[in-house]
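> Input work_35.pdb, format and content: PDB, C-alpha atoms, pLDDT in the B column.
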```pdb
ATOM      1  CA  MET A   1      21.709 -23.426  -1.182  1.00 65.00           C
ATOM      2  CA  ALA A   2      18.005 -23.898  -0.496  1.00 72.00           C
ATOM      3  CA  SER A   3      15.577 -21.131  -1.325  1.00 88.00           C
ATOM      4  CA  PRO A   4      14.538 -18.911   1.585  1.00 95.00           C
ATOM      5  CA  SER A   5      11.211 -19.109   3.389  1.00 96.00           C
ATOM      6  CA  ILE A   6       8.703 -16.309   2.921  1.00 97.00           C
ATOM      7  CA  LEU A   7       6.072 -15.303   5.441  1.00 98.00           C
ATOM      8  CA  GLU A   8       3.495 -12.668   4.497  1.00 98.00           C
ATOM      9  CA  ARG A   9       0.652 -11.336   6.611  1.00 98.00           C
ATOM     10  CA  SER A  10      -1.619  -8.305   6.166  1.00 98.00           C
ATOM     11  CA  VAL A  11      -3.967  -6.386   8.436  1.00 98.00           C
ATOM     12  CA  ASP A  12      -6.413  -3.573   7.728  1.00 98.00           C
ATOM     13  CA  ILE A  13      -6.165  -0.686  10.186  1.00 98.00           C
ATOM     14  CA  GLU A  14      -8.722   2.099  10.514  1.00 98.00           C
ATOM     15  CA  ALA A  15      -6.082   4.801  10.778  1.00 98.00           C
ATOM     16  CA  PRO A  16      -4.544   7.187   8.240  1.00 97.00           C
ATOM     17  CA  LEU A  17      -1.751   5.820   6.062  1.00 98.00           C
ATOM     18  CA  GLU A  18       0.644   8.568   7.190  1.00 97.00           C
ATOM     19  CA  ASP A  19       0.096   7.694  10.878  1.00 97.00           C
ATOM     20  CA  VAL A  20       0.642   3.961  10.364  1.00 98.00           C
ATOM     21  CA  PHE A  21       3.777   4.640   8.331  1.00 98.00           C
ATOM     22  CA  ALA A  22       5.156   7.141  10.884  1.00 98.00           C
ATOM     23  CA  PHE A  23       4.608   4.661  13.740  1.00 98.00           C
ATOM     24  CA  HIS A  24       6.899   2.184  11.981  1.00 98.00           C
ATOM     25  CA  LEU A  25       9.632   4.752  11.411  1.00 98.00           C
ATOM     26  CA  ASP A  26      10.394   4.538  15.147  1.00 98.00           C
ATOM     27  CA  THR A  27      11.694   1.039  15.882  1.00 96.00           C
ATOM     28  CA  ARG A  28      11.348   1.719  19.610  1.00 97.00           C
ATOM     29  CA  ASN A  29       7.620   1.157  19.050  1.00 97.00           C
ATOM     30  CA  ALA A  30       8.381  -2.572  18.744  1.00 96.00           C
ATOM     31  CA  ALA A  31       8.085  -2.743  22.530  1.00 95.00           C
ATOM     32  CA  LEU A  32       4.449  -1.609  22.278  1.00 97.00           C
ATOM     33  CA  ILE A  33       3.410  -4.336  19.846  1.00 97.00           C
ATOM     34  CA  SER A  34       5.618  -7.303  20.758  1.00 96.00           C
ATOM     35  CA  PRO A  35       3.891 -10.522  21.821  1.00 93.00           C
ATOM     36  CA  ASP A  36       3.824 -11.356  25.523  1.00 90.00           C
ATOM     37  CA  GLY A  37       6.701 -13.828  25.208  1.00 88.00           C
ATOM     38  CA  THR A  38       9.038 -11.193  23.753  1.00 92.00           C
ATOM     39  CA  ARG A  39      10.524  -8.444  25.891  1.00 93.00           C
ATOM     40  CA  ILE A  40      12.367  -5.575  24.227  1.00 95.00           C
ATOM     41  CA  LEU A  41      15.318  -4.718  26.476  1.00 94.00           C
ATOM     42  CA  GLY A  42      16.647  -1.803  24.443  1.00 96.00           C
ATOM     43  CA  VAL A  43      16.683  -0.151  21.040  1.00 97.00           C
ATOM     44  CA  GLU A  44      19.493   2.058  19.753  1.00 98.00           C
ATOM     45  CA  GLY A  45      19.514   4.088  16.593  1.00 97.00           C
ATOM     46  CA  THR A  46      18.347   7.357  15.144  1.00 95.00           C
ATOM     47  CA  PHE A  47      14.607   7.846  14.835  1.00 97.00           C
ATOM     48  CA  PRO A  48      12.770   8.271  12.606  1.00 98.00           C
ATOM     49  CA  VAL A  49      14.781   5.766  10.605  1.00 98.00           C
ATOM     50  CA  VAL A  50      16.105   6.658   7.161  1.00 98.00           C
ATOM     51  CA  THR A  51      17.606   4.600   4.356  1.00 98.00           C
ATOM     52  CA  GLY A  52      21.038   3.361   5.455  1.00 98.00           C
ATOM     53  CA  ALA A  53      20.407   3.728   9.199  1.00 98.00           C
ATOM     54  CA  LEU A  54      21.505   1.034  11.634  1.00 98.00           C
ATOM     55  CA  VAL A  55      19.324  -0.133  14.502  1.00 98.00           C
ATOM     56  CA  MET A  56      20.430  -2.342  17.383  1.00 98.00           C
ATOM     57  CA  MET A  57      17.630  -4.115  19.225  1.00 97.00           C
ATOM     58  CA  ARG A  58      18.175  -6.231  22.285  1.00 96.00           C
ATOM     59  CA  MET A  59      15.362  -8.614  23.196  1.00 95.00           C
ATOM     60  CA  ARG A  60      14.605 -11.625  25.287  1.00 93.00           C
ATOM     61  CA  GLN A  61      12.219 -14.277  24.140  1.00 85.00           C
ATOM     62  CA  ARG A  62      10.770 -16.778  26.537  1.00 80.00           C
ATOM     63  CA  PRO A  63      11.734 -19.410  27.495  1.00 75.00           C
ATOM     64  CA  MET A  64      15.332 -18.398  26.729  1.00 76.00           C
ATOM     65  CA  PRO A  65      17.114 -17.082  29.825  1.00 77.00           C
ATOM     66  CA  PHE A  66      19.362 -14.732  27.839  1.00 81.00           C
ATOM     67  CA  GLY A  67      18.878 -11.781  25.531  1.00 90.00           C
ATOM     68  CA  LEU A  68      19.589 -11.636  21.814  1.00 94.00           C
ATOM     69  CA  THR A  69      20.912  -8.644  19.933  1.00 96.00           C
ATOM     70  CA  TRP A  70      19.711  -7.906  16.435  1.00 97.00           C
ATOM     71  CA  ARG A  71      21.546  -5.425  14.222  1.00 98.00           C
ATOM     72  CA  VAL A  72      19.468  -4.315  11.272  1.00 98.00           C
ATOM     73  CA  ARG A  73      20.240  -1.975   8.419  1.00 98.00           C
ATOM     74  CA  ILE A  74      17.393   0.041   6.971  1.00 98.00           C
ATOM     75  CA  GLU A  75      17.666  -0.840   3.298  1.00 98.00           C
ATOM     76  CA  ASP A  76      14.891   1.417   2.056  1.00 98.00           C
ATOM     77  CA  VAL A  77      12.440   4.016   3.291  1.00 98.00           C
ATOM     78  CA  THR A  78       9.957   5.123   0.649  1.00 98.00           C
ATOM     79  CA  ALA A  79       7.281   7.297   2.242  1.00 98.00           C
ATOM     80  CA  PRO A  80       4.567   6.313   2.806  1.00 98.00           C
ATOM     81  CA  GLU A  81       4.691   2.965   0.979  1.00 98.00           C
ATOM     82  CA  GLN A  82       7.467   0.895   2.519  1.00 98.00           C
ATOM     83  CA  ILE A  83      10.232   0.401   5.036  1.00 98.00           C
ATOM     84  CA  VAL A  84      12.660  -2.443   4.419  1.00 98.00           C
ATOM     85  CA  ASP A  85      15.140  -3.700   6.976  1.00 98.00           C
ATOM     86  CA  VAL A  86      17.792  -6.383   6.604  1.00 98.00           C
ATOM     87  CA  ALA A  87      19.383  -8.135   9.568  1.00 98.00           C
ATOM     88  CA  GLU A  88      23.148  -7.978   9.685  1.00 98.00           C
ATOM     89  CA  ARG A  89      23.164  -9.874  12.990  1.00 98.00           C
ATOM     90  CA  SER A  90      20.322 -12.112  14.192  1.00 96.00           C
ATOM     91  CA  PRO A  91      19.548 -15.753  14.990  1.00 93.00           C
ATOM     92  CA  PHE A  92      18.746 -16.222  11.285  1.00 95.00           C
ATOM     93  CA  SER A  93      21.297 -16.755   8.532  1.00 96.00           C
ATOM     94  CA  ALA A  94      19.199 -14.364   6.402  1.00 97.00           C
ATOM     95  CA  TRP A  95      16.364 -11.962   7.337  1.00 98.00           C
ATOM     96  CA  ARG A  96      14.724  -9.320   5.154  1.00 98.00           C
ATOM     97  CA  HIS A  97      11.593  -7.615   6.471  1.00 98.00           C
ATOM     98  CA  GLU A  98       9.410  -5.500   4.198  1.00 98.00           C
ATOM     99  CA  HIS A  99       6.818  -3.302   5.929  1.00 98.00           C
ATOM    100  CA  LEU A 100       4.355  -2.360   3.173  1.00 98.00           C
ATOM    101  CA  PHE A 101       1.587   0.229   3.510  1.00 98.00           C
ATOM    102  CA  ALA A 102      -1.305   0.936   1.161  1.00 98.00           C
ATOM    103  CA  PRO A 103      -4.341   3.198   1.470  1.00 98.00           C
ATOM    104  CA  LEU A 104      -7.798   1.672   1.784  1.00 98.00           C
ATOM    105  CA  ASP A 105     -11.021   3.202   0.544  1.00 94.00           C
ATOM    106  CA  GLY A 106     -12.447   5.196   3.415  1.00 87.00           C
ATOM    107  CA  GLY A 107      -9.108   6.357   4.804  1.00 90.00           C
ATOM    108  CA  GLY A 108      -7.738   3.231   6.440  1.00 97.00           C
ATOM    109  CA  THR A 109      -4.470   1.440   5.777  1.00 98.00           C
ATOM    110  CA  ARG A 110      -3.543  -2.065   4.715  1.00 98.00           C
ATOM    111  CA  MET A 111      -0.269  -2.977   6.402  1.00 98.00           C
ATOM    112  CA  THR A 112       1.609  -6.003   5.112  1.00 98.00           C
ATOM    113  CA  ASP A 113       4.664  -7.627   6.644  1.00 98.00           C
ATOM    114  CA  ARG A 114       6.661  -9.752   4.216  1.00 98.00           C
ATOM    115  CA  VAL A 115       9.613 -11.567   5.754  1.00 98.00           C
ATOM    116  CA  THR A 116      12.106 -13.511   3.664  1.00 98.00           C
ATOM    117  CA  TYR A 117      14.316 -15.600   5.936  1.00 97.00           C
ATOM    118  CA  ARG A 118      16.612 -18.578   6.179  1.00 96.00           C
ATOM    119  CA  LEU A 119      17.592 -20.511   9.291  1.00 94.00           C
ATOM    120  CA  PRO A 120      21.148 -21.681   9.875  1.00 95.00           C
ATOM    121  CA  GLY A 121      21.873 -25.393   9.874  1.00 92.00           C
ATOM    122  CA  GLY A 122      21.090 -26.376   6.301  1.00 91.00           C
ATOM    123  CA  PRO A 123      18.705 -29.364   6.230  1.00 91.00           C
ATOM    124  CA  LEU A 124      18.223 -29.282  10.021  1.00 88.00           C
ATOM    125  CA  GLY A 125      17.288 -25.609   9.822  1.00 89.00           C
ATOM    126  CA  ARG A 126      14.703 -26.368   7.133  1.00 89.00           C
ATOM    127  CA  VAL A 127      13.181 -29.097   9.307  1.00 90.00           C
ATOM    128  CA  ALA A 128      13.111 -26.750  12.321  1.00 89.00           C
ATOM    129  CA  ASP A 129      11.405 -24.141  10.156  1.00 90.00           C
ATOM    130  CA  ARG A 130       8.694 -26.571   9.045  1.00 92.00           C
ATOM    131  CA  LEU A 131       8.123 -28.028  12.511  1.00 91.00           C
ATOM    132  CA  VAL A 132       8.464 -25.012  14.815  1.00 91.00           C
ATOM    133  CA  VAL A 133       9.840 -21.699  13.584  1.00 92.00           C
ATOM    134  CA  ARG A 134       7.291 -20.884  10.889  1.00 95.00           C
ATOM    135  CA  ARG A 135       4.417 -21.450  13.326  1.00 95.00           C
ATOM    136  CA  GLN A 136       6.128 -19.251  15.931  1.00 93.00           C
ATOM    137  CA  LEU A 137       6.752 -16.468  13.416  1.00 95.00           C
ATOM    138  CA  THR A 138       3.184 -16.651  12.116  1.00 96.00           C
ATOM    139  CA  ALA A 139       1.784 -16.390  15.654  1.00 95.00           C
ATOM    140  CA  ALA A 140       4.151 -13.532  16.502  1.00 95.00           C
ATOM    141  CA  PHE A 141       3.172 -11.496  13.427  1.00 97.00           C
ATOM    142  CA  GLU A 142      -0.528 -12.138  13.992  1.00 97.00           C
ATOM    143  CA  GLU A 143      -0.167 -10.838  17.559  1.00 97.00           C
ATOM    144  CA  ARG A 144       1.910  -7.846  16.407  1.00 98.00           C
ATOM    145  CA  HIS A 145      -0.799  -7.014  13.873  1.00 98.00           C
ATOM    146  CA  ARG A 146      -3.547  -7.310  16.468  1.00 98.00           C
ATOM    147  CA  ARG A 147      -1.683  -4.990  18.841  1.00 98.00           C
ATOM    148  CA  THR A 148      -0.732  -2.529  16.099  1.00 98.00           C
ATOM    149  CA  ARG A 149      -4.325  -2.311  14.885  1.00 98.00           C
ATOM    150  CA  ALA A 150      -5.699  -1.792  18.412  1.00 98.00           C
ATOM    151  CA  LEU A 151      -3.136   0.868  19.308  1.00 98.00           C
ATOM    152  CA  LEU A 152      -3.318   2.863  16.083  1.00 98.00           C
ATOM    153  CA  GLU A 153      -7.110   2.676  15.813  1.00 98.00           C
ATOM    154  CA  GLU A 154      -7.387   3.932  19.397  1.00 97.00           C
ATOM    155  CA  ARG A 155      -5.038   6.824  18.569  1.00 96.00           C
ATOM    156  CA  ALA A 156      -7.027   7.621  15.406  1.00 96.00           C
ATOM    157  CA  ARG A 157     -10.292   7.689  17.358  1.00 93.00           C
ATOM    158  CA  GLY A 158      -8.688   9.925  19.981  1.00 91.00           C
ATOM    159  CA  SER A 159      -7.424  12.422  17.418  1.00 78.00           C
ATOM    160  CA  ALA A 160     -10.820  12.442  15.643  1.00 65.00           C
ATOM    161  CA  VAL A 161     -12.552  13.454  18.899  1.00 57.00           C
ATOM    162  CA  ARG A 162     -10.364  16.518  19.416  1.00 52.00           C
TER     163      ARG A 162
END
```
Take the structure in this file and express it as C-alpha cells.

Amino acid sequence: MASPSILERSVDIEAPLEDVFAFHLDTRNAALISPDGTRILGVEGTFPVVTGALVMMRMRQRPMPFGLTWRVRIEDVTAPEQIVDVAERSPFSAWRHEHLFAPLDGGGTRMTDRVTYRLPGGPLGRVADRLVVRRQLTAAFEERHRRTRALLEERARGSAVR
C-alpha cells in the first residue's frame, strides 16, 4: 500500500489561543469558514467535542449535485494544543485531520492544519491526487484559514473594545 499524502498549512491569528481553540471545539462553525464552493447542510454531534465523540457532517461541494456525509470520530482533544479527528466515512479511503494550536509572542495564535489522507483507487487515486485533489485541498485550507483569521480577529477586536 502506498504511503498517504500529507498536507500542512499554518496561519497566524491575532486572537487568544483559548478563543481559537474553543472555536474549533464546535464543528458547526465549519459553515462559517467553508469556501464558497462548499455548503454545509447539517452537522450532528455533541458540542463542544470531546475525545471519542462522533460528528456527522453533511455537505455539498460544487459542482456535484448531491450531498456527501462525513462521519468523523474525535480521536483526541488536548486543550488548548490540539484536536484530532479521523474520518470513519468520507470520500477518502483514509483521512486524519490534526488541528494544532500554539501561542505566539504578543498573545496571538498559530493554527496549523495537518491532514494525512489517501484517496481510493490505488494508482488512479494517486494520479488524481497529484493532478487535482491536492490543489483543491490546498486552496480549500487556504480559504478556511483566511476566513478563520478574519472572523476570530474581528471577534478579538470586538471583545477588546468592551
> Please list as a list of chain:residue names every residue within 7 Å of range 136-152 of chain A, counting all atoms listed in the file and excluding residues in the same chain fewer than 4 positions away.
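Counting all atoms listed in the file, the residues come to A:Val11, A:Ile13, A:Ala15, A:Ile33, A:Ser34, A:Pro35, A:Val132, A:Ala156.
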> Give me a file of those residues, with C-alpha atoms, as a short mmCIF file (atom, residue, chain, number, x, y, z; two decimals), in the frame of the given file.

```cif
data_model
loop_
_atom_site.label_atom_id
_atom_site.label_comp_id
_atom_site.auth_asym_id
_atom_site.auth_seq_id
_atom_site.Cartn_x
_atom_site.Cartn_y
_atom_site.Cartn_z
CA VAL A 11 -3.97 -6.39 8.44
CA ILE A 13 -6.16 -0.69 10.19
CA ALA A 15 -6.08 4.80 10.78
CA ILE A 33 3.41 -4.34 19.85
CA SER A 34 5.62 -7.30 20.76
CA PRO A 35 3.89 -10.52 21.82
CA VAL A 132 8.46 -25.01 14.82
CA ALA A 156 -7.03 7.62 15.41
#
```
> Identify all residues satisfying the PyMOL selection byres ((chain A and resi 94) around 6) in the given file; provide them as a ChimeraX atom specification.
/A:92-93,95,117-118
> Starting from the shown file, work through the PyMOL selection byres ((chain A and resi 37) around 6) and note down what comes out as a list in words.
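So the PyMOL selection byres ((chain A and resi 37) around 6) ends up selecting Pro35, Asp36, Thr38, Gln61 and Arg62 of chain A.
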> What would the file look like if the residues just selected were written as a short mmCIF file (atom, residue, chain, number, x, y, z; two decimals), in the coordinates of the input with C-alpha atoms?

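Output below, filename result14.cif:
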```
data_model
loop_
_atom_site.label_atom_id
_atom_site.label_comp_id
_atom_site.auth_asym_id
_atom_site.auth_seq_id
_atom_site.Cartn_x
_atom_site.Cartn_y
_atom_site.Cartn_z
CA PRO A 35 3.89 -10.52 21.82
CA ASP A 36 3.82 -11.36 25.52
CA THR A 38 9.04 -11.19 23.75
CA GLN A 61 12.22 -14.28 24.14
CA ARG A 62 10.77 -16.78 26.54
#
```
> Just how far from CA of Arg89 in chain A is CA of Arg39 in chain A, in Å to one decimal?
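Calculated distance between CA of Arg39 in chain A and CA of Arg89 in chain A is 18.1 Å.
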> Using the chain letters and numbering of this document, enumerate as a PDB file with C-alpha atoms, in the frame of the given file the residues selected by the PyMOL selection byres ((chain A and resi 46) around 12).

```pdb
ATOM      1  CA  LEU A  25       9.632   4.752  11.411  1.00 98.00           C
ATOM      2  CA  ASP A  26      10.394   4.538  15.147  1.00 98.00           C
ATOM      3  CA  THR A  27      11.694   1.039  15.882  1.00 96.00           C
ATOM      4  CA  ARG A  28      11.348   1.719  19.610  1.00 97.00           C
ATOM      5  CA  VAL A  43      16.683  -0.151  21.040  1.00 97.00           C
ATOM      6  CA  GLU A  44      19.493   2.058  19.753  1.00 98.00           C
ATOM      7  CA  GLY A  45      19.514   4.088  16.593  1.00 97.00           C
ATOM      8  CA  PHE A  47      14.607   7.846  14.835  1.00 97.00           C
ATOM      9  CA  PRO A  48      12.770   8.271  12.606  1.00 98.00           C
ATOM     10  CA  VAL A  49      14.781   5.766  10.605  1.00 98.00           C
ATOM     11  CA  VAL A  50      16.105   6.658   7.161  1.00 98.00           C
ATOM     12  CA  THR A  51      17.606   4.600   4.356  1.00 98.00           C
ATOM     13  CA  GLY A  52      21.038   3.361   5.455  1.00 98.00           C
ATOM     14  CA  ALA A  53      20.407   3.728   9.199  1.00 98.00           C
ATOM     15  CA  LEU A  54      21.505   1.034  11.634  1.00 98.00           C
ATOM     16  CA  VAL A  55      19.324  -0.133  14.502  1.00 98.00           C
ATOM     17  CA  MET A  56      20.430  -2.342  17.383  1.00 98.00           C
ATOM     18  CA  ARG A  73      20.240  -1.975   8.419  1.00 98.00           C
ATOM     19  CA  ILE A  74      17.393   0.041   6.971  1.00 98.00           C
TER      20      ILE A  74
END
```
> What would range 57-80 of chain A look like with N, CA, C and O atoms in place, written as a PDB file, in the coordinates of the input?

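Printed below is rebuild.pdb as written:
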```pdb
ATOM      1  N   MET A  57      18.750  -3.787  18.352  1.00 97.00           N
ATOM      2  CA  MET A  57      17.630  -4.115  19.225  1.00 97.00           C
ATOM      3  C   MET A  57      18.011  -5.323  20.069  1.00 97.00           C
ATOM      4  O   MET A  57      18.402  -6.362  19.537  1.00 97.00           O
ATOM      5  N   ARG A  58      17.899  -5.135  21.361  1.00 96.00           N
ATOM      6  CA  ARG A  58      18.175  -6.231  22.285  1.00 96.00           C
ATOM      7  C   ARG A  58      16.842  -6.726  22.830  1.00 96.00           C
ATOM      8  O   ARG A  58      16.014  -5.923  23.260  1.00 96.00           O
ATOM      9  N   MET A  59      16.635  -8.045  22.754  1.00 95.00           N
ATOM     10  CA  MET A  59      15.362  -8.614  23.196  1.00 95.00           C
ATOM     11  C   MET A  59      15.580  -9.955  23.886  1.00 95.00           C
ATOM     12  O   MET A  59      16.625 -10.585  23.723  1.00 95.00           O
ATOM     13  N   ARG A  60      14.600 -10.315  24.657  1.00 93.00           N
ATOM     14  CA  ARG A  60      14.605 -11.625  25.287  1.00 93.00           C
ATOM     15  C   ARG A  60      13.296 -12.306  24.950  1.00 93.00           C
ATOM     16  O   ARG A  60      12.236 -11.712  25.092  1.00 93.00           O
ATOM     17  N   GLN A  61      13.402 -13.525  24.514  1.00 85.00           N
ATOM     18  CA  GLN A  61      12.219 -14.277  24.140  1.00 85.00           C
ATOM     19  C   GLN A  61      12.114 -15.508  25.030  1.00 85.00           C
ATOM     20  O   GLN A  61      13.056 -16.307  25.110  1.00 85.00           O
ATOM     21  N   ARG A  62      10.979 -15.611  25.699  1.00 80.00           N
ATOM     22  CA  ARG A  62      10.770 -16.778  26.537  1.00 80.00           C
ATOM     23  C   ARG A  62      10.728 -18.036  25.686  1.00 80.00           C
ATOM     24  O   ARG A  62      10.239 -17.973  24.561  1.00 80.00           O
ATOM     25  N   PRO A  63      11.232 -19.130  26.149  1.00 75.00           N
ATOM     26  CA  PRO A  63      11.734 -19.410  27.495  1.00 75.00           C
ATOM     27  C   PRO A  63      13.242 -19.199  27.644  1.00 75.00           C
ATOM     28  O   PRO A  63      13.819 -19.598  28.642  1.00 75.00           O
ATOM     29  N   MET A  64      13.880 -18.573  26.660  1.00 76.00           N
ATOM     30  CA  MET A  64      15.332 -18.398  26.729  1.00 76.00           C
ATOM     31  C   MET A  64      15.701 -17.493  27.907  1.00 76.00           C
ATOM     32  O   MET A  64      15.076 -16.451  28.099  1.00 76.00           O
ATOM     33  N   PRO A  65      16.722 -17.873  28.655  1.00 77.00           N
ATOM     34  CA  PRO A  65      17.114 -17.082  29.825  1.00 77.00           C
ATOM     35  C   PRO A  65      18.056 -15.917  29.494  1.00 77.00           C
ATOM     36  O   PRO A  65      18.443 -15.169  30.365  1.00 77.00           O
ATOM     37  N   PHE A  66      18.400 -15.765  28.225  1.00 81.00           N
ATOM     38  CA  PHE A  66      19.362 -14.732  27.839  1.00 81.00           C
ATOM     39  C   PHE A  66      18.760 -13.869  26.726  1.00 81.00           C
ATOM     40  O   PHE A  66      17.818 -14.261  26.052  1.00 81.00           O
ATOM     41  N   GLY A  67      19.337 -12.687  26.566  1.00 90.00           N
ATOM     42  CA  GLY A  67      18.878 -11.781  25.531  1.00 90.00           C
ATOM     43  C   GLY A  67      19.607 -12.005  24.222  1.00 90.00           C
ATOM     44  O   GLY A  67      20.712 -12.549  24.194  1.00 90.00           O
ATOM     45  N   LEU A  68      19.000 -11.585  23.150  1.00 94.00           N
ATOM     46  CA  LEU A  68      19.589 -11.636  21.814  1.00 94.00           C
ATOM     47  C   LEU A  68      19.704 -10.214  21.288  1.00 94.00           C
ATOM     48  O   LEU A  68      18.842  -9.379  21.555  1.00 94.00           O
ATOM     49  N   THR A  69      20.759  -9.949  20.555  1.00 96.00           N
ATOM     50  CA  THR A  69      20.912  -8.644  19.933  1.00 96.00           C
ATOM     51  C   THR A  69      20.772  -8.786  18.429  1.00 96.00           C
ATOM     52  O   THR A  69      21.437  -9.618  17.819  1.00 96.00           O
ATOM     53  N   TRP A  70      19.881  -7.993  17.876  1.00 97.00           N
ATOM     54  CA  TRP A  70      19.711  -7.906  16.435  1.00 97.00           C
ATOM     55  C   TRP A  70      20.336  -6.596  15.979  1.00 97.00           C
ATOM     56  O   TRP A  70      20.152  -5.560  16.615  1.00 97.00           O
ATOM     57  N   ARG A  71      21.037  -6.640  14.867  1.00 98.00           N
ATOM     58  CA  ARG A  71      21.546  -5.425  14.222  1.00 98.00           C
ATOM     59  C   ARG A  71      20.925  -5.418  12.839  1.00 98.00           C
ATOM     60  O   ARG A  71      21.137  -6.351  12.049  1.00 98.00           O
ATOM     61  N   VAL A  72      20.124  -4.397  12.569  1.00 98.00           N
ATOM     62  CA  VAL A  72      19.468  -4.315  11.272  1.00 98.00           C
ATOM     63  C   VAL A  72      19.857  -3.020  10.567  1.00 98.00           C
ATOM     64  O   VAL A  72      20.066  -1.985  11.200  1.00 98.00           O
ATOM     65  N   ARG A  73      19.977  -3.125   9.271  1.00 98.00           N
ATOM     66  CA  ARG A  73      20.240  -1.975   8.419  1.00 98.00           C
ATOM     67  C   ARG A  73      18.951  -1.659   7.683  1.00 98.00           C
ATOM     68  O   ARG A  73      18.279  -2.548   7.143  1.00 98.00           O
ATOM     69  N   ILE A  74      18.579  -0.390   7.708  1.00 98.00           N
ATOM     70  CA  ILE A  74      17.393   0.041   6.971  1.00 98.00           C
ATOM     71  C   ILE A  74      17.794   0.159   5.503  1.00 98.00           C
ATOM     72  O   ILE A  74      18.561   1.033   5.121  1.00 98.00           O
ATOM     73  N   GLU A  75      17.296  -0.776   4.715  1.00 98.00           N
ATOM     74  CA  GLU A  75      17.666  -0.840   3.298  1.00 98.00           C
ATOM     75  C   GLU A  75      16.924   0.202   2.465  1.00 98.00           C
ATOM     76  O   GLU A  75      17.469   0.736   1.499  1.00 98.00           O
ATOM     77  N   ASP A  76      15.673   0.470   2.842  1.00 98.00           N
ATOM     78  CA  ASP A  76      14.891   1.417   2.056  1.00 98.00           C
ATOM     79  C   ASP A  76      13.777   2.017   2.892  1.00 98.00           C
ATOM     80  O   ASP A  76      13.117   1.309   3.651  1.00 98.00           O
ATOM     81  N   VAL A  77      13.607   3.316   2.755  1.00 98.00           N
ATOM     82  CA  VAL A  77      12.440   4.016   3.291  1.00 98.00           C
ATOM     83  C   VAL A  77      11.857   4.798   2.131  1.00 98.00           C
ATOM     84  O   VAL A  77      12.508   5.700   1.593  1.00 98.00           O
ATOM     85  N   THR A  78      10.673   4.420   1.709  1.00 98.00           N
ATOM     86  CA  THR A  78       9.957   5.123   0.649  1.00 98.00           C
ATOM     87  C   THR A  78       8.611   5.532   1.218  1.00 98.00           C
ATOM     88  O   THR A  78       7.710   4.695   1.372  1.00 98.00           O
ATOM     89  N   ALA A  79       8.493   6.808   1.577  1.00 98.00           N
ATOM     90  CA  ALA A  79       7.281   7.297   2.242  1.00 98.00           C
ATOM     91  C   ALA A  79       6.146   7.458   1.246  1.00 98.00           C
ATOM     92  O   ALA A  79       6.368   7.947   0.145  1.00 98.00           O
ATOM     93  N   PRO A  80       4.937   7.095   1.630  1.00 98.00           N
ATOM     94  CA  PRO A  80       4.567   6.313   2.806  1.00 98.00           C
ATOM     95  C   PRO A  80       4.294   4.855   2.477  1.00 98.00           C
ATOM     96  O   PRO A  80       3.491   4.208   3.123  1.00 98.00           O
TER      97      PRO A  80
END
```
